[in-house]
>>> print(open('data_19.csv').read())   # CSV, C-alpha atoms
chain,number,residue,atom,x,y,z
A,20,MET,CA,42.3,-81.0,-10.3
A,21,THR,CA,44.2,-79.5,-7.5
A,22,LEU,CA,47.9,-78.6,-7.8
A,23,LYS,CA,48.8,-81.4,-5.4
A,24,GLN,CA,46.8,-83.9,-7.5
A,25,GLU,CA,48.4,-82.6,-10.7
A,26,TYR,CA,51.9,-82.9,-9.2
A,27,ARG,CA,51.3,-86.5,-8.0
A,28,GLN,CA,49.9,-87.4,-11.4
A,29,PHE,CA,53.0,-86.0,-13.1
A,30,LEU,CA,55.2,-88.2,-10.9
A,31,GLU,CA,53.1,-91.2,-11.3
A,32,GLU,CA,53.1,-90.9,-15.1
A,33,ASN,CA,56.8,-90.0,-15.6
A,34,PHE,CA,58.7,-91.1,-12.5
A,35,ARG,CA,56.6,-94.0,-11.0
A,36,GLY,CA,58.0,-95.2,-7.7
A,37,LEU,CA,60.5,-92.4,-7.3
A,38,LYS,CA,60.5,-90.6,-4.0
A,39,ILE,CA,61.5,-87.0,-4.2
A,40,LYS,CA,64.5,-87.2,-1.8
A,41,ALA,CA,68.2,-87.5,-1.9
A,42,PRO,CA,70.1,-89.2,-3.4
A,43,LEU,CA,68.0,-89.1,-6.5
A,44,PHE,CA,70.9,-90.5,-8.6
A,45,PHE,CA,70.8,-93.9,-6.9
A,46,ASN,CA,67.0,-94.1,-6.9
A,47,TRP,CA,66.3,-93.7,-10.7
A,48,ASP,CA,67.9,-95.5,-13.7
A,49,ASN,CA,68.0,-92.6,-16.1
A,50,ALA,CA,70.3,-90.3,-14.2
A,51,LEU,CA,73.4,-88.2,-14.4
A,52,ARG,CA,75.6,-87.0,-11.5
A,53,PHE,CA,77.9,-84.1,-12.0
A,54,ASP,CA,81.0,-83.0,-10.0
A,55,LEU,CA,81.0,-79.3,-9.0
A,56,GLN,CA,84.3,-79.2,-7.1
A,57,VAL,CA,87.4,-77.6,-8.6
A,58,GLY,CA,90.4,-76.4,-6.5
A,59,GLU,CA,90.8,-75.6,-2.9
A,60,THR,CA,87.6,-75.8,-0.9
A,61,ASN,CA,86.1,-72.8,0.9
A,62,THR,CA,87.7,-70.1,-1.2
A,63,ASP,CA,85.8,-67.5,-3.2
A,64,GLU,CA,87.2,-69.0,-6.5
A,65,TYR,CA,86.0,-72.4,-5.4
A,66,PHE,CA,82.4,-71.3,-4.9
A,67,GLN,CA,82.4,-69.2,-8.1
A,68,GLU,CA,83.2,-72.4,-10.1
A,69,VAL,CA,80.6,-74.4,-8.1
A,70,GLU,CA,78.0,-71.8,-9.0
A,71,ARG,CA,79.1,-71.5,-12.6
A,72,ARG,CA,78.8,-75.2,-13.2
A,73,ALA,CA,75.5,-75.5,-11.3
A,74,VAL,CA,73.9,-72.6,-13.3
A,75,THR,CA,75.3,-73.8,-16.6
A,76,LEU,CA,73.8,-77.3,-16.1
A,77,PHE,CA,70.5,-75.7,-14.9
A,78,GLU,CA,70.3,-73.5,-18.0
A,79,GLU,CA,70.9,-76.6,-20.2
A,80,ALA,CA,68.1,-78.4,-18.6
A,81,PHE,CA,65.6,-75.6,-18.3
A,82,LYS,CA,64.6,-72.9,-20.8
A,83,PRO,CA,62.9,-69.6,-19.7
A,84,ASN,CA,59.4,-70.6,-20.8
A,85,ASP,CA,59.5,-74.2,-19.5
A,86,ARG,CA,56.8,-75.1,-17.0
A,87,ILE,CA,58.2,-76.3,-13.7
A,88,TYR,CA,57.4,-77.5,-10.3
A,89,PHE,CA,59.6,-76.0,-7.6
A,90,VAL,CA,59.6,-78.3,-4.6
A,91,LEU,CA,61.0,-77.1,-1.2
A,92,GLN,CA,61.3,-79.6,1.6
A,93,GLU,CA,62.2,-78.8,5.2
A,94,ARG,CA,62.8,-81.3,8.1
A,95,THR,CA,60.8,-80.0,11.0
A,96,ASP,CA,59.6,-80.8,14.6
A,97,LYS,CA,56.8,-78.2,14.4
A,98,ARG,CA,53.2,-78.5,13.3
A,99,GLY,CA,53.3,-75.5,10.9
A,100,LYS,CA,54.3,-75.3,7.3
A,101,ILE,CA,57.3,-73.8,5.5
A,102,SER,CA,57.3,-70.0,6.1
A,103,PHE,CA,56.2,-67.9,3.2
A,104,SER,CA,59.0,-65.5,4.0
A,105,ASN,CA,61.8,-68.1,3.6
A,106,TYR,CA,64.7,-67.3,1.3
A,107,SER,CA,63.7,-69.5,-1.6
A,108,PHE,CA,60.2,-68.1,-2.0
A,109,LYS,CA,61.7,-64.6,-2.0
A,110,GLN,CA,63.6,-65.6,-5.2
A,111,ILE,CA,60.3,-66.3,-7.1
A,112,LYS,CA,58.9,-63.2,-8.9
A,113,GLY,CA,55.5,-62.2,-7.7
A,114,LEU,CA,54.8,-65.4,-5.8
A,115,LYS,CA,51.4,-65.4,-4.1
A,116,LYS,CA,50.4,-67.6,-1.2
A,117,ASP,CA,47.6,-69.3,-3.2
A,118,GLU,CA,50.2,-70.5,-5.7
A,119,LEU,CA,51.6,-72.9,-3.1
A,120,THR,CA,50.3,-76.2,-1.9
A,121,TYR,CA,51.6,-77.8,1.3
A,122,SER,CA,51.9,-81.3,2.7
A,123,LYS,CA,53.8,-83.3,5.2
A,124,VAL,CA,55.9,-86.5,4.6
A,125,HIS,CA,56.6,-88.8,7.5
A,126,ARG,CA,59.6,-91.2,7.7
A,127,LEU,CA,61.1,-89.9,4.4
A,128,TYR,CA,64.6,-91.0,5.2
A,129,GLU,CA,64.3,-93.0,8.4
A,130,PRO,CA,61.4,-95.6,8.3
A,131,ALA,CA,61.7,-96.3,12.0
A,132,ASP,CA,62.0,-92.7,13.2
A,133,LYS,CA,58.7,-91.0,14.1
A,134,THR,CA,60.5,-87.7,14.3
A,135,ASP,CA,61.6,-87.9,10.6
A,136,ILE,CA,58.9,-85.4,9.5
A,137,TRP,CA,59.2,-83.1,6.5
A,138,ASN,CA,57.1,-80.1,5.5
A,139,VAL,CA,56.8,-79.9,1.7
A,140,ALA,CA,55.8,-76.9,-0.4
A,141,ILE,CA,55.1,-77.0,-4.2
A,142,ALA,CA,54.7,-74.2,-6.7
A,143,LYS,CA,53.9,-74.5,-10.4
A,144,LEU,CA,55.7,-71.7,-12.3
A,145,ARG,CA,57.7,-70.9,-15.4
A,146,THR,CA,61.5,-70.9,-15.2
A,147,ASP,CA,61.8,-67.2,-15.9
A,148,ARG,CA,60.0,-66.4,-12.6
A,149,VAL,CA,62.7,-68.0,-10.5
A,150,ASN,CA,66.0,-66.5,-9.6
A,151,TYR,CA,67.6,-69.9,-9.7
A,152,ARG,CA,71.1,-68.4,-9.5
A,153,ASN,CA,70.5,-67.2,-6.0
A,154,ILE,CA,68.9,-70.4,-4.9
A,155,LEU,CA,71.8,-72.5,-6.3
A,156,ALA,CA,74.3,-70.1,-4.7
A,157,ALA,CA,72.6,-70.6,-1.3
A,158,ILE,CA,72.7,-74.4,-1.7
A,159,SER,CA,76.4,-74.2,-2.6
A,160,VAL,CA,77.3,-72.7,0.8
A,161,VAL,CA,74.9,-74.7,2.9
A,162,ASP,CA,77.7,-76.4,4.8
A,163,PHE,CA,79.9,-73.3,5.1
A,164,PRO,CA,78.4,-70.7,7.5
A,165,PRO,CA,78.7,-67.8,7.7
A,166,ARG,CA,78.9,-67.6,3.9
A,167,GLN,CA,75.9,-66.0,2.3
A,168,PRO,CA,73.2,-66.3,1.0
A,169,ARG,CA,71.7,-68.8,3.4
A,170,LEU,CA,69.0,-71.2,2.3
A,171,ASP,CA,67.8,-71.2,5.9
A,172,SER,CA,68.4,-68.3,8.2
A,173,ARG,CA,68.2,-70.6,11.2
A,174,GLY,CA,71.3,-72.4,10.1
A,175,PHE,CA,71.6,-76.0,11.4
A,176,LEU,CA,68.3,-75.9,13.3
A,177,THR,CA,66.5,-77.1,10.2
A,178,HIS,CA,67.4,-78.7,6.9
A,179,LYS,CA,66.0,-77.7,3.5
A,180,GLU,CA,66.1,-79.4,0.1
A,181,ALA,CA,65.1,-77.8,-3.2
A,182,PHE,CA,64.1,-79.7,-6.3
A,183,PHE,CA,63.3,-78.4,-9.8
A,184,LEU,CA,61.0,-80.6,-11.9
A,185,ASN,CA,60.7,-79.7,-15.6
A,186,ILE,CA,57.1,-80.5,-16.7
A,187,ASP,CA,57.8,-80.1,-20.4
A,188,ARG,CA,61.0,-82.1,-20.6
A,189,LYS,CA,60.0,-84.6,-17.8
A,190,LEU,CA,63.3,-84.0,-16.0
A,191,ILE,CA,64.4,-83.4,-12.4
A,192,TYR,CA,67.3,-81.3,-11.2
A,193,TYR,CA,68.6,-81.6,-7.7
A,194,MET,CA,71.8,-79.9,-6.4
A,195,TYR,CA,72.6,-81.5,-3.0
A,196,ASP,CA,75.4,-79.1,-2.0
A,197,ASP,CA,78.8,-77.8,-3.2
A,198,ARG,CA,79.9,-81.3,-4.2
A,199,GLY,CA,77.5,-82.1,-6.9
A,200,LEU,CA,74.1,-82.4,-8.5
A,201,ASP,CA,71.8,-84.9,-10.1
A,202,ILE,CA,69.7,-84.7,-13.2
A,203,GLU,CA,67.1,-87.4,-13.9
A,204,ALA,CA,64.7,-87.8,-16.8
A,205,LYS,CA,61.9,-90.1,-17.8
A,206,ASP,CA,63.7,-91.0,-21.0
A,207,LYS,CA,67.5,-91.5,-21.5
A,208,GLU,CA,67.3,-89.6,-24.8
A,209,THR,CA,66.6,-86.4,-22.8
A,210,LEU,CA,69.9,-86.8,-21.0
A,211,LEU,CA,72.1,-87.6,-23.9
A,212,PRO,CA,72.8,-84.0,-25.1
A,213,ILE,CA,73.6,-83.0,-21.5
A,214,TYR,CA,75.8,-86.2,-21.1
A,215,HIS,CA,77.8,-85.5,-24.2
A,216,LYS,CA,78.1,-81.7,-23.8
A,217,PHE,CA,79.3,-81.9,-20.2
A,218,ASN,CA,81.0,-85.2,-20.1
A,219,ASP,CA,84.1,-83.8,-18.5
A,220,TRP,CA,82.0,-82.8,-15.5
A,221,ILE,CA,80.5,-86.3,-14.8
A,222,LEU,CA,81.5,-87.4,-11.3
A,223,GLU,CA,84.2,-89.9,-11.8
A,224,CYS,CA,83.2,-92.4,-9.1
A,225,ASN,CA,79.8,-92.7,-10.9
A,226,ARG,CA,81.0,-92.6,-14.5
A,227,GLU,CA,81.0,-96.3,-15.1
A,228,GLN,CA,77.5,-96.7,-13.7
A,229,ILE,CA,76.2,-93.8,-15.9
A,230,ASP,CA,78.0,-95.1,-19.1
A,231,ASN,CA,76.7,-98.6,-18.6
A,232,ALA,CA,73.1,-97.4,-18.1
A,233,LEU,CA,73.2,-95.4,-21.3
A,234,LYS,CA,74.9,-98.2,-23.3
A,235,LYS,CA,72.3,-100.7,-22.2
A,236,ASN,CA,69.9,-99.1,-24.6
A,237,GLY,CA,72.4,-98.7,-27.4
A,238,LEU,CA,72.6,-95.0,-26.7
>>> encode(input="data_19.csv", output="structure tokens")
Amino acid sequence: MTLKQEYRQFLEENFRGLKIKAPLFFNWDNALRFDLQVGETNTDEYFQEVERRAVTLFEEAFKPNDRIYFVLQERTDKRGKISFSNYSFKQIKGLKKDELTYSKVHRLYEPADKTDIWNVAIAKLRTDRVNYRNILAAISVVDFPPRQPRLDSRGFLTHKEAFFLNIDRKLIYYMYDDRGLDIEAKDKETLLPIYHKFNDWILECNREQIDNALKKNGL
């Protein structure tokens, strides 16, 4: 079985019908959404707290030896694929070109837009090979050039999204920007420890929806 087939099978068996795109929270029932914002925006202290929360939640969801899929998506108007020299791939220890599989997704966000084309790259790794801190730091400042590091050196000419899928825990982590992140799981039981431990960080505007979804099953 190829990596692409294996990845699709994983989604089919654990997240049937879910498209890997934002906003994951509204596209899957078993989901948490966390608030990363504290204090005045665009200060060093602000981004330090965004990164602290993002990393803390990541480390709660992923252990060093967990098997993961790292999925990088880039909106493009070109025929090629995501450059091997891009920032995210540089954060993966010893990554080789043959560890990646590539594909294209059309009309991912805009069903009527023929130019809505995304290049997708998938790697299967263990968590400890990924410098997730640097990737999350880059996501946190994506809307704040010239802050570094940059997820994409070409700035606003392209748009990249990074998803982490935990194969062992059947869980997906997606940080959309400095405002927040989503964690989805096949089973609600997987989310409960995270929900209780970091309840103060739940995004208030989505709290009722999250609480109701968990209570539905007596959890």
>>> closest_residue(input="data_19.csv", among="A:Glu227, A:Glu203, A:Glu118, A:Glu180", to="A:Asp48", atoms="all atoms listed in the file")
A:Glu203
>>> closest_residue(input="data_19.csv", among="A:Thr120, A:Ser107, A:Thr62, A:Asn225", to="A:Ala50", atoms="all atoms listed in the file")
A:Asn225
>>> residues_around(input="data_19.csv", residues="A:Asp206", least_positions_apart="6", cutoff="12 Å", atoms="only C-alpha atoms", output="PDB file with C-alpha atoms, in the frame of the given file")
ATOM      1  CA  ASN A  33      56.800 -90.000 -15.600  1.00  0.00           C
ATOM      2  CA  PHE A  34      58.700 -91.100 -12.500  1.00  0.00           C
ATOM      3  CA  TRP A  47      66.300 -93.700 -10.700  1.00  0.00           C
ATOM      4  CA  ASP A  48      67.900 -95.500 -13.700  1.00  0.00           C
ATOM      5  CA  ASN A  49      68.000 -92.600 -16.100  1.00  0.00           C
ATOM      6  CA  ALA A  50      70.300 -90.300 -14.200  1.00  0.00           C
ATOM      7  CA  ARG A 188      61.000 -82.100 -20.600  1.00  0.00           C
ATOM      8  CA  LYS A 189      60.000 -84.600 -17.800  1.00  0.00           C
ATOM      9  CA  LEU A 190      63.300 -84.000 -16.000  1.00  0.00           C
ATOM     10  CA  ILE A 191      64.400 -83.400 -12.400  1.00  0.00           C
ATOM     11  CA  ALA A 232      73.100 -97.400 -18.100  1.00  0.00           C
ATOM     12  CA  LEU A 233      73.200 -95.400 -21.300  1.00  0.00           C
ATOM     13  CA  ASN A 236      69.900 -99.100 -24.600  1.00  0.00           C
ATOM     14  CA  LEU A 238      72.600 -95.000 -26.700  1.00  0.00           C
TER      15      LEU A 238
END
>>> closest_residue(input="data_19.csv", among="A:Leu91, A:Leu22, A:Leu30, A:Leu119", to="A:Asn138", atoms="all atoms listed in the file")
A:Leu91
>>> closest_residue(input="data_19.csv", among="A:Ile87, A:Ile154, A:Ile213, A:Val124", to="A:Tyr26", atoms="all atoms listed in the file")
A:Ile87
>>> atom_distance(input="data_19.csv", atom1="atom CA of A:Ser122", atom2="atom CA of A:Ile141")
8.7 Å
